[in-house]
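Visitor: Below are the structure tokens for one structure; questions will follow.
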Amino acid sequence: MKNLSLSKITLLLAAFIGLSSSVLGQDTAWTKKTAEKWLESNQWKNGLKLKPHASINKVTFAEQYHKNKAEWDKAFAFLRDSDMEKMKPGKYTIDGTDVYATITEGPEKTFEQSAWESHRKYIDLQYVIKGKEKIGVAPLAGATVTQAYDEKADIAHYTSEGQFYIGDPTVFFLFFPADAHRPNIHVDGYDVVKKLVIKIKVNPL
């Protein structure tokens with residue numbers, strides 16, 4: 001250490017701090033590129049075989065995951081380890097009120113019966129266990145409120161234009177507070193659908 005100049009010590013310290021921040025991932029200023037790289041690393045999966053749907057906001061996912069890794073890991077462990085085809089419809093506690101799951105099984109809705117919605121307190125992880133359904137996704141910023149936010153139910157409804165995708169047992173969707181979504185829409189040939197929704201508490205950024 002005696003032979004190291006002050007400038008070298010400063011550089012080494014800066015490098016160490018940078019490495020620590022990179023490893024911990026807590027204060028990373030996520031960009032689309034770094035979020036995509038993190039997502040593709042699959043480290044967050046911890047053995048989960050399912051794929052995240054392409055519509056997921058990768059930057060928001062990376063931010064929320066690293067703000068509360070423990071809760072997300074519990075949600076993914078539940079998704080990975082549960083034999084959901086055999087599980088009965090109902091509510092399942094994962095981590096108190098911070099992370100919990102609901103399994104439903106029944107008829108899907110017609111397009112007219114479905115509605116755009118969003119949530120503020122919880123993030124939705126939606127996964128079709130058995131069957132197929134159509135799910136709409138749209139930016140909340142472009143949606144028009146038709147039913148004001150109900151704090152107790154943590155939901156508001158909208159009219160909007162969006163993209164529609166097919167949910168099936170190979171992928172899961174994530175809907176954050178900035179995402180309007182329109183789930184549970186009937187797909188021909190799949191009258192009864194079994195579905196999982198995991199609610200993950202939003203962590204303020």
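Order determines the names: the first chain of the structure tokens is A, the second B, and so forth; residues in each chain are numbered 1 upward, and ligands are numbered 1 upward as they are shown.
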Taking the backbone alone, and naming residues the way the document does, which bits of region 15-181 of chain A are strand (DSSP E) by DSSP, as a PyMOL selection string?
Guide: chain A and resi 51-52+90-95+99-107+116-118+122-130+133-139+144-150+155-159+163-167+171-175+179-181
Visitor: Can you list, as an MDAnalysis selection string, every residue of chain A that DSSP puts in alpha helix (DSSP H)?
Guide: chainID A and resid 6:24 32:41 58:67 69:81
Visitor: Filtering to C-alpha atoms, could you give me those residues as a tab-separated table (two decimals), in the first residue's frame?
Guide:
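Printed below is out-v7.tsv as written:
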```tsv
chain	number	residue	atom	x	y	z
A	6	LEU	CA	-3.43	8.42	-3.91
A	7	SER	CA	-4.81	8.47	-7.44
A	8	LYS	CA	-4.32	4.69	-7.82
A	9	ILE	CA	-6.01	4.05	-4.48
A	10	THR	CA	-8.92	6.24	-5.59
A	11	LEU	CA	-9.25	4.33	-8.86
A	12	LEU	CA	-9.18	0.97	-7.09
A	13	LEU	CA	-11.82	2.12	-4.62
A	14	ALA	CA	-14.04	3.39	-7.43
A	15	ALA	CA	-13.67	0.09	-9.28
A	16	PHE	CA	-14.60	-1.85	-6.13
A	17	ILE	CA	-17.69	0.29	-5.55
A	18	GLY	CA	-18.71	-0.11	-9.17
A	19	LEU	CA	-18.32	-3.88	-8.97
A	20	SER	CA	-20.30	-4.04	-5.73
A	21	SER	CA	-23.16	-2.05	-7.24
A	22	SER	CA	-23.14	-4.29	-10.29
A	23	VAL	CA	-23.29	-7.45	-8.20
A	24	LEU	CA	-25.97	-6.24	-5.82
A	32	LYS	CA	-33.55	-1.42	-22.18
A	33	LYS	CA	-30.22	-3.00	-23.14
A	34	THR	CA	-29.10	-3.89	-19.60
A	35	ALA	CA	-32.59	-5.13	-18.67
A	36	GLU	CA	-32.71	-7.38	-21.73
A	37	LYS	CA	-29.27	-8.78	-20.90
A	38	TRP	CA	-30.34	-9.47	-17.31
A	39	LEU	CA	-33.59	-11.10	-18.45
A	40	GLU	CA	-31.79	-13.32	-20.97
A	41	SER	CA	-29.29	-14.44	-18.30
A	58	LYS	CA	-38.24	-5.53	-19.18
A	59	VAL	CA	-36.92	-2.35	-17.56
A	60	THR	CA	-39.74	-2.21	-15.01
A	61	PHE	CA	-39.35	-5.94	-14.34
A	62	ALA	CA	-35.62	-5.53	-13.65
A	63	GLU	CA	-36.26	-2.52	-11.39
A	64	GLN	CA	-38.98	-4.21	-9.37
A	65	TYR	CA	-37.17	-7.53	-9.08
A	66	HIS	CA	-33.99	-5.98	-7.72
A	67	LYS	CA	-35.92	-3.74	-5.32
A	69	LYS	CA	-35.67	-9.94	-4.84
A	70	ALA	CA	-36.88	-12.09	-1.92
A	71	GLU	CA	-40.56	-11.61	-2.77
A	72	TRP	CA	-40.05	-12.26	-6.47
A	73	ASP	CA	-38.01	-15.39	-5.75
A	74	LYS	CA	-40.86	-16.71	-3.60
A	75	ALA	CA	-43.36	-16.02	-6.39
A	76	PHE	CA	-41.22	-17.82	-8.97
A	77	ALA	CA	-40.57	-20.72	-6.56
A	78	PHE	CA	-44.34	-21.14	-6.17
A	79	LEU	CA	-44.72	-21.10	-9.95
A	80	ARG	CA	-41.84	-23.59	-10.34
A	81	ASP	CA	-42.66	-26.05	-7.57
```
Visitor: Excluding Ala180 (chain A) and residues on its chain fewer than 5 positions from it, collect all residues at most 8 Å away from it, counting only C-alpha atoms, and give them as a list in words.
Guide: Trp116, Glu117, Ser118, Val137, Ala138, Pro139, Leu140, Ala143, Tyr158 and Phe175 of chain A
Visitor: Could you dump the residues just selected with C-alpha atoms as a tab-separated table (two decimals), in the first residue's frame?
Guide:
```tsv
chain	number	residue	atom	x	y	z
A	116	TRP	CA	-59.36	-3.12	-19.60
A	117	GLU	CA	-58.03	-2.81	-16.05
A	118	SER	CA	-54.99	-1.75	-14.05
A	137	VAL	CA	-51.94	-5.19	-23.26
A	138	ALA	CA	-51.81	-1.39	-23.61
A	139	PRO	CA	-49.96	1.57	-22.07
A	140	LEU	CA	-52.02	3.03	-19.26
A	143	ALA	CA	-56.22	4.71	-21.79
A	158	TYR	CA	-60.70	1.85	-19.00
A	175	PHE	CA	-48.61	-6.41	-15.67
```
Visitor: Please indicate the distance in Å from CA of Phe172 (chain A) to CA of Gly90 (chain A), rounded to one decimal place.
Guide: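 Atom-to-atom, CA of Phe172 (chain A) to CA of Gly90 (chain A), that is 19.1 Å.
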Visitor: So which one's closest to Gly162 (chain A), A:Ile94, A:Val99, A:Met87, A:Ile135? Using only C-alpha atoms, please.
Guide: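 For Gly162 (chain A), the nearest of the candidates is A:Ile135.
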Visitor: Fewer than 6 positions away in the same chain doesn't count, so skip those; otherwise give me all residues within 10 Å of Ser114 (chain A), counting only C-alpha atoms, as a PyMOL selection string.
Guide: chain A and resi 108+135-136+182-186
Visitor: Put those residues in a file: N, CA and C atoms, as a PDB file, in the first residue's frame.
Guide:
```
ATOM      1  N   GLU A 108     -64.413 -18.755 -19.983  1.00  0.00           N
ATOM      2  CA  GLU A 108     -63.824 -17.467 -20.323  1.00  0.00           C
ATOM      3  C   GLU A 108     -64.921 -16.474 -20.728  1.00  0.00           C
ATOM      4  N   ILE A 135     -55.331 -12.201 -24.272  1.00  0.00           N
ATOM      5  CA  ILE A 135     -55.015 -11.166 -23.283  1.00  0.00           C
ATOM      6  C   ILE A 135     -54.579  -9.895 -24.007  1.00  0.00           C
ATOM      7  N   GLY A 136     -55.186  -8.791 -23.662  1.00  0.00           N
ATOM      8  CA  GLY A 136     -54.806  -7.513 -24.249  1.00  0.00           C
ATOM      9  C   GLY A 136     -53.839  -6.757 -23.362  1.00  0.00           C
ATOM     10  N   ARG A 182     -56.232  -6.592 -20.481  1.00  0.00           N
ATOM     11  CA  ARG A 182     -57.601  -7.073 -20.706  1.00  0.00           C
ATOM     12  C   ARG A 182     -57.541  -8.595 -20.829  1.00  0.00           C
ATOM     13  N   PRO A 183     -57.616  -9.299 -19.693  1.00  0.00           N
ATOM     14  CA  PRO A 183     -57.439 -10.753 -19.704  1.00  0.00           C
ATOM     15  C   PRO A 183     -58.764 -11.513 -19.837  1.00  0.00           C
ATOM     16  N   ASN A 184     -58.642 -12.855 -19.819  1.00  0.00           N
ATOM     17  CA  ASN A 184     -59.790 -13.771 -19.712  1.00  0.00           C
ATOM     18  C   ASN A 184     -60.722 -13.752 -20.917  1.00  0.00           C
ATOM     19  N   ILE A 185     -60.182 -13.510 -22.099  1.00  0.00           N
ATOM     20  CA  ILE A 185     -61.010 -13.470 -23.306  1.00  0.00           C
ATOM     21  C   ILE A 185     -61.004 -14.848 -23.972  1.00  0.00           C
ATOM     22  N   HIS A 186     -62.189 -15.307 -24.334  1.00  0.00           N
ATOM     23  CA  HIS A 186     -62.382 -16.650 -24.891  1.00  0.00           C
ATOM     24  C   HIS A 186     -61.614 -16.862 -26.197  1.00  0.00           C
TER      25      HIS A 186
END
```
Visitor: CA of Ile129 (chain A) and CA of Asn68 (chain A), how far apart in Å?
Guide: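 It comes out at 25.7 Å.
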